[in-house]
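**Student:** So here's model36.txt (compact mmCIF, C-alpha atoms).
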```txt
# COMPACT_ATOMS: atom_id res chain seq x y z
CA MET A 1 2.96 12.81 -10.28
CA THR A 2 0.11 11.74 -8.06
CA THR A 3 -2.80 13.71 -6.65
CA ALA A 4 -2.89 17.40 -7.47
CA THR A 5 -3.75 18.44 -3.92
CA THR A 6 -0.49 17.16 -2.46
CA PHE A 7 1.92 18.95 -4.76
CA ASN A 8 2.64 22.66 -4.54
CA ALA A 9 1.81 25.10 -7.34
CA THR A 10 5.38 25.18 -8.66
CA VAL A 11 5.56 21.40 -9.04
CA LEU A 12 2.19 21.32 -10.78
CA LYS A 13 3.00 24.26 -13.08
CA ASN A 14 6.28 22.71 -14.24
CA ALA A 15 5.03 19.13 -14.66
CA VAL A 16 5.60 17.63 -18.11
CA PRO A 17 3.40 14.51 -18.43
CA GLU A 18 5.42 13.07 -21.33
CA VAL A 19 8.56 13.22 -19.21
CA GLY A 20 6.62 11.62 -16.35
CA SER A 21 5.68 8.68 -18.59
CA TRP A 22 9.27 8.36 -19.76
CA LEU A 23 10.51 8.47 -16.14
CA SER A 24 8.14 5.74 -14.96
CA ALA A 25 9.38 3.48 -17.75
CA PHE A 26 13.03 4.36 -16.97
CA VAL A 27 12.64 3.54 -13.26
CA GLU A 28 10.81 0.29 -14.03
CA ARG A 29 13.38 -0.74 -16.67
CA HIS A 30 16.10 -0.53 -14.06
CA ALA A 31 14.11 -2.06 -11.19
CA GLY A 32 14.27 1.22 -9.31
CA PHE A 33 11.91 2.53 -6.69
CA VAL A 34 11.77 6.31 -7.10
CA GLY A 35 12.86 8.79 -9.73
CA SER A 36 12.93 12.43 -10.75
CA VAL A 37 13.73 14.61 -13.73
CA HIS A 38 14.88 18.22 -13.47
CA LEU A 39 15.30 20.43 -16.54
CA SER A 40 17.53 23.44 -17.02
CA GLU A 41 14.72 25.18 -18.92
CA PRO A 42 12.35 26.83 -17.98
CA ALA A 43 14.54 27.43 -14.92
CA GLU A 44 16.21 30.70 -14.07
CA ASP A 45 19.98 30.92 -14.45
CA GLY A 46 21.64 28.91 -11.68
CA GLU A 47 18.63 26.65 -11.12
CA ILE A 48 16.98 23.50 -12.42
CA VAL A 49 13.25 22.72 -12.12
CA LEU A 50 11.48 19.49 -11.31
CA VAL A 51 9.25 18.37 -14.19
CA ALA A 52 8.57 14.71 -13.33
CA THR A 53 8.60 12.31 -10.40
CA HIS A 54 8.01 8.61 -9.97
CA ASN A 55 6.92 7.37 -6.53
CA LEU A 56 8.48 10.42 -4.85
CA PRO A 57 6.60 11.68 -1.78
CA SER A 58 5.03 15.09 -2.32
CA ALA A 59 7.05 16.60 0.54
CA VAL A 60 10.28 15.64 -1.25
CA ALA A 61 8.98 16.81 -4.64
CA ASN A 62 7.79 20.12 -3.20
CA GLY A 63 11.20 20.71 -1.62
CA ALA A 64 12.94 19.87 -4.90
CA ALA A 65 10.59 21.89 -7.14
CA VAL A 66 13.33 24.41 -7.89
CA VAL A 67 16.89 23.37 -7.11
CA VAL A 68 19.82 25.74 -6.89
CA ILE A 69 22.82 24.46 -8.82
CA GLY A 70 25.17 22.95 -6.24
CA LYS A 71 22.48 22.01 -3.67
CA GLY A 72 21.32 18.44 -3.14
CA MET A 73 22.05 15.50 -5.40
CA ALA A 74 20.43 16.99 -8.51
CA GLY A 75 22.04 20.37 -7.94
CA VAL A 76 25.50 18.89 -7.36
CA THR A 77 25.09 16.78 -10.50
CA ALA A 78 24.22 19.93 -12.44
CA GLU A 79 27.19 21.79 -10.95
CA ARG A 80 29.74 19.03 -11.57
CA LYS A 81 28.16 17.94 -14.85
CA ALA A 82 28.88 14.43 -13.67
CA ALA A 83 26.92 11.59 -12.12
CA VAL A 84 26.53 11.55 -8.34
CA ASN A 85 25.96 8.27 -6.57
CA ILE A 86 25.23 7.55 -2.95
CA PRO A 87 25.37 3.90 -1.84
CA ASP A 88 22.79 4.42 0.96
CA LEU A 89 20.85 7.67 1.08
CA GLN A 90 19.41 6.73 4.47
CA THR A 91 22.82 6.65 6.18
CA ASP A 92 24.77 9.09 3.99
CA THR A 93 26.87 11.68 5.79
CA SER A 94 28.63 13.20 2.76
CA GLY A 95 26.45 16.30 2.82
CA VAL A 96 25.65 15.99 -0.89
CA ALA A 97 22.10 14.74 -0.35
CA ARG A 98 19.85 16.94 1.73
CA LEU A 99 18.27 15.36 4.81
CA PRO A 100 14.65 15.74 3.57
CA ALA A 101 15.55 13.44 0.66
CA ARG A 102 15.55 10.54 3.12
CA ALA A 103 11.74 10.72 3.12
CA SER A 104 11.93 9.12 -0.34
CA GLN A 105 12.87 5.86 1.44
CA ALA A 106 15.45 5.25 -1.31
CA LYS A 107 18.78 3.74 -0.39
CA GLY A 108 21.11 3.34 -3.39
CA SER A 109 20.70 6.61 -5.33
CA LEU A 110 22.10 7.93 -8.58
CA THR A 111 21.67 11.25 -10.41
CA LEU A 112 22.80 11.62 -14.01
CA PRO A 113 23.42 14.69 -16.15
CA VAL A 114 21.94 14.81 -19.65
CA PHE A 115 23.59 17.06 -22.22
CA ALA A 116 22.49 18.60 -25.53
CA PRO A 117 23.27 16.18 -28.39
CA ASP A 118 25.04 18.95 -30.31
CA ASP A 119 26.88 20.42 -27.30
CA PRO A 120 28.26 18.01 -24.70
CA THR A 121 28.88 20.90 -22.31
CA ARG A 122 25.29 22.23 -22.26
CA LEU A 123 23.30 20.58 -19.48
CA LEU A 124 19.64 19.99 -20.35
CA ALA A 125 18.44 17.65 -17.60
CA VAL A 126 19.28 15.76 -14.46
CA VAL A 127 17.71 12.31 -14.09
CA GLY A 128 17.56 10.68 -10.67
CA ILE A 129 16.81 7.10 -9.70
CA GLY A 130 16.68 5.46 -6.30
CA PHE A 131 16.59 1.83 -5.23
CA LYS A 132 15.14 0.04 -2.21
CA GLU A 133 18.49 -1.55 -1.38
CA PRO A 134 21.93 -0.01 -0.85
CA ARG A 135 23.97 -0.06 -4.08
CA GLU A 136 27.56 0.44 -5.08
CA PHE A 137 27.48 1.68 -8.69
CA THR A 138 30.36 0.72 -10.96
CA GLU A 139 31.63 3.09 -13.64
CA GLU A 140 30.22 0.73 -16.27
CA GLU A 141 26.77 0.75 -14.64
CA MET A 142 26.75 4.52 -14.39
CA ALA A 143 27.74 4.80 -18.06
CA ALA A 144 24.89 2.48 -19.07
CA TYR A 145 22.38 4.41 -16.95
CA ALA A 146 23.65 7.66 -18.50
CA VAL A 147 23.04 6.38 -22.05
CA ASP A 148 19.49 5.43 -21.11
CA ALA A 149 18.91 8.68 -19.19
CA ALA A 150 19.79 10.66 -22.34
CA THR A 151 16.69 9.21 -23.99
CA VAL A 152 14.65 11.58 -21.79
CA LEU A 153 15.25 14.13 -24.55
CA THR A 154 12.77 12.24 -26.73
CA ALA A 155 10.04 13.12 -24.19
CA VAL A 156 10.89 16.80 -23.72
```
Could you take the file, read its structure, and then write that structure out as structure tokens?

**Tutor:**
Amino acid sequence: MTTATTFNATVLKNAVPEVGSWLSAFVERHAGFVGSVHLSEPAEDGEIVLVATHNLPSAVANGAAVVVIGKGMAGVTAERKAAVNIPDLQTDTSGVARLPARASQAKGSLTLPVFAPDDPTRLLAVVGIGFKEPREFTEEEMAAYAVDAATVLTAV
């Protein structure tokens, strides 16, 4: 996360620097542009909290500091316990992504659920990555991203 004065108190309180370092490497490994990580803990039941961002504008991060399960890309990913992909966030009309997310300037966007190694039904994190260009993600690509996203647990 960038300068402390631009992020709200909730974003700053929940920031996990080790996850931020992991996220930057994840985004760079995949030639992405922006990224985020939400965790199910220390969130309240029915929510996930933002703990790391990469290149995400503070207005977007502040709005995504605490996400209700089922709202926005991260929240829908948490609800479905399945990856959500949007070929072009800037022109999307599906209603899954919230309009303020467009301020990220990302086009092709993907959010991935990360589960507990010992319980494939217990959601621990949602990892998001966005690209500068529109993208159609294949099932194989999403599976490969999911395997890499699960390594976030080494940073938590």

**Student:** Name all residues at most 6 Å from Gly32 of chain A (count all atoms listed in the file; drop same-chain ones fewer than 4 positions away) and give them as a list in words.

**Tutor:**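 The residues that qualify are Val27, Glu28, Gly130 and Phe131 of chain A.
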
**Student:** Take atom CA of Pro42 of chain A and atom CA of Ala9 of chain A and report the distance between them in Å, one decimal.

**Tutor:**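 Distance between the two atoms: 15.1 Å.
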
**Student:** Between A:His54, A:Lys71, A:His38, A:Arg102, which has the minimum distance to Val127 of chain A (counting only C-alpha atoms)?

**Tutor:**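 Among the listed residues, the smallest separation from Val127 of chain A belongs to A:His38.
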
**Student:** In terms of the shortest atom-to-atom distance over only C-alpha atoms, which of A:Ser40, A:Gln90, A:Ser104, A:Ser21 is closest to Pro134 of chain A?

**Tutor:**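 Among A:Ser40, A:Gln90, A:Ser104, A:Ser21, it is A:Gln90 that comes nearest to Pro134 of chain A.
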
**Student:** If we count all atoms listed in the file and set the cut-off at 9 Å, which residues sit around Leu123 of chain A, ignoring sequence neighbours fewer than 6 positions away in its own chain? Please answer as JSON, numbers by chain.

**Tutor:** {"A": [39, 40, 78, 81, 113, 114, 115, 116]}

**Student:** Quick one: write out the picked residues with C-alpha atoms as a PDB file, in the frame of the given file?

**Tutor:**
```
ATOM      1  CA  LEU A  39      15.300  20.430 -16.540  1.00  0.00           C
ATOM      2  CA  SER A  40      17.530  23.440 -17.020  1.00  0.00           C
ATOM      3  CA  ALA A  78      24.220  19.930 -12.440  1.00  0.00           C
ATOM      4  CA  LYS A  81      28.160  17.940 -14.850  1.00  0.00           C
ATOM      5  CA  PRO A 113      23.420  14.690 -16.150  1.00  0.00           C
ATOM      6  CA  VAL A 114      21.940  14.810 -19.650  1.00  0.00           C
ATOM      7  CA  PHE A 115      23.590  17.060 -22.220  1.00  0.00           C
ATOM      8  CA  ALA A 116      22.490  18.600 -25.530  1.00  0.00           C
TER       9      ALA A 116
END
```

**Student:** For Ala74 of chain A, list every protein, DNA or RNA residue within 9 Å, evaluated using all atoms listed in the file, and leave out those in the same chain fewer than 3 positions away; present the list as a VMD selection string.

**Tutor:** chain A and resid 37 to 38 48 64 67 to 71 77 to 79 84 97 111 to 113 126 to 128

**Student:** Just want the 10 Å neighbourhood of Arg135 of chain A, counted on only C-alpha atoms, with same-chain residues fewer than 4 positions away dropped. Output as a ChimeraX atom specification.

**Tutor:** /A:85-89,107-110,130-131

**Student:** In terms of the shortest atom-to-atom distance over only C-alpha atoms, which of A:Glu140, A:Glu18, A:Asp148, A:Glu133 is closest to Ala52 of chain A?

**Tutor:**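 Of the candidates, the smallest distance to Ala52 of chain A is held by A:Glu18.
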
**Student:** Quick check, in Å to one decimal: how far apart do atom CA of Val66 of chain A and atom CA of Val156 of chain A lie?

**Tutor:**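 Atom-to-atom, atom CA of Val66 of chain A to atom CA of Val156 of chain A, that is 17.7 Å.
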